[in-house]
Amino acid sequence: MRSEIACSVVLLAVIAGCKRYPDSYAPPEQRQPLTFEEPPEFKSFIAMSDAAAPLHFVKDIRPALEGGAWRWTLKQPTVRLAAPKDHGLKFTAEVAVPGITFRDTGPVAITVAINGHTLETFTLARPGPHRLEKPIPAGWLRSGDDNTVTMEIDKLWTEADGDVQLGFILTSIGFTE
């Protein structure tokens with residue numbers, strides 16, 4: 001019986017010695033954790049010269065800053081703005097229609113909509129700078145949330161060869177008291 005036990009112990013040692021352990025590998029390369037920037041906070045009023053202005057653009061505003069102060073628009077320039085409150089604010093925009101485009105288009109109309117509500121259609125009957133301003137009805141703005149402002153021009157100026165189309169010049173846009 002002693003020899004059977006000794007034989008079993010030897011057999012167990014042989015079997016245990018044949019056990020296959022997993023391969024070992026070097027630890028993976030250490031990397032810095034990913035960091036995320038907080039989403040930008042939208043302003044309630046932006047000048048086109050503001051470095052943060054492009055963050056507000058949704059569509060139809062050309063990226064190039066002209067003369068250090070303004071940008072060309074296309075058919076339906078759209079921006080996202082914050083509203084500090086939901087009542088008692090005015091829509092305000094500084095725009096211009098250059099004489100060179102006005103000669104071809106004549107008077108233009110710009111329809112302003114806020115969050116899908118048509119605020120006003122402004123007719124620009126002469127070239128040059130214009131200030132568009134109109135009180136915003138209560139309930140149209142969402143305080144603490146993004147608000148969409150669209151300014152649609154009725155006629156685009158088209159370059160003679162048809163390659164370039166322009167709307168109007170936008171200098172600033174937003175909500176004021």
# chains A, B, ... in the order shown; residues from 1 in each chain; ligands from 1
call {"tool": "residues_around", "arguments": {"residues": "Val79 (chain A)", "least_positions_apart": "4", "cutoff": "10 Å", "atoms": "only C-alpha atoms", "output": "list in words"}}
result
Ile46, Ala53, Pro54, Leu55, His56, Phe57, Val58, Lys59, Asp60, Ile61, Ile114, Asp146, Asn147, Thr148, Val149, Thr150, Met151, Ile173 and Gly174 of chain A
call {"tool": "write_last_selection", "arguments": {"atoms": "N, CA and C atoms", "output": "short mmCIF file (atom, residue, chain, number, x, y, z; two decimals), in the first residue's frame"}}
result
data_model
loop_
_atom_site.label_atom_id
_atom_site.label_comp_id
_atom_site.auth_asym_id
_atom_site.auth_seq_id
_atom_site.Cartn_x
_atom_site.Cartn_y
_atom_site.Cartn_z
N ILE A 46 -23.28 88.31 -31.03
CA ILE A 46 -21.93 88.09 -31.54
C ILE A 46 -21.60 89.10 -32.63
N ALA A 53 -17.16 83.57 -32.94
CA ALA A 53 -18.30 83.70 -33.85
C ALA A 53 -18.57 82.43 -34.66
N PRO A 54 -17.55 81.81 -35.28
CA PRO A 54 -17.84 80.62 -36.10
C PRO A 54 -18.49 79.47 -35.33
N LEU A 55 -18.31 79.40 -34.03
CA LEU A 55 -18.97 78.35 -33.24
C LEU A 55 -20.48 78.50 -33.27
N HIS A 56 -20.97 79.69 -33.57
CA HIS A 56 -22.40 79.97 -33.60
C HIS A 56 -23.02 79.72 -34.96
N PHE A 57 -22.20 79.58 -36.00
CA PHE A 57 -22.72 79.45 -37.37
C PHE A 57 -23.33 78.08 -37.60
N VAL A 58 -24.52 78.06 -38.17
CA VAL A 58 -25.16 76.82 -38.57
C VAL A 58 -24.99 76.61 -40.07
N LYS A 59 -25.27 77.68 -40.84
CA LYS A 59 -25.09 77.58 -42.29
C LYS A 59 -25.10 78.95 -42.95
N ASP A 60 -24.61 78.98 -44.17
CA ASP A 60 -24.66 80.12 -45.09
C ASP A 60 -24.00 81.41 -44.59
N ILE A 61 -22.97 81.28 -43.79
CA ILE A 61 -22.11 82.41 -43.44
C ILE A 61 -20.70 82.00 -43.85
N ILE A 114 -37.02 83.41 -35.78
CA ILE A 114 -36.41 82.98 -34.52
C ILE A 114 -37.13 81.72 -34.06
N ASP A 146 -30.23 76.68 -26.62
CA ASP A 146 -29.88 77.30 -27.89
C ASP A 146 -31.12 77.81 -28.59
N ASN A 147 -30.98 78.93 -29.29
CA ASN A 147 -32.04 79.50 -30.09
C ASN A 147 -31.50 79.67 -31.50
N THR A 148 -32.31 79.35 -32.49
CA THR A 148 -31.90 79.43 -33.88
C THR A 148 -32.46 80.70 -34.52
N VAL A 149 -31.57 81.47 -35.14
CA VAL A 149 -31.97 82.69 -35.84
C VAL A 149 -31.58 82.53 -37.31
N THR A 150 -32.56 82.72 -38.19
CA THR A 150 -32.35 82.61 -39.62
C THR A 150 -32.70 83.95 -40.27
N MET A 151 -31.85 84.39 -41.19
CA MET A 151 -32.09 85.62 -41.96
C MET A 151 -32.05 85.22 -43.43
N ILE A 173 -24.93 90.18 -34.90
CA ILE A 173 -26.29 89.63 -34.79
C ILE A 173 -26.52 89.16 -33.36
N GLY A 174 -27.74 89.32 -32.87
CA GLY A 174 -28.03 88.79 -31.55
C GLY A 174 -29.25 89.38 -30.88
#
call {"tool": "closest_residue", "arguments": {"among": "A:Gln76, A:Asp104, A:Asp23, A:Leu34", "to": "Ala160 (chain A)", "atoms": "only C-alpha atoms"}}
result
A:Asp104
call {"tool": "closest_residue", "arguments": {"among": "A:Thr101, A:Ser49, A:Gln32, A:Ser143", "to": "Arg126 (chain A)", "atoms": "only C-alpha atoms"}}
result
A:Thr101
call {"tool": "select_by_dssp", "arguments": {"residues": "region 29-177 of chain A", "states": "strand (DSSP E)", "output": "PyMOL selection string"}}
result
chain A and resi 45-47+57-61+71-82+90-97+108-114+117-124+128-135+146-153+157-158+165-166+169-176
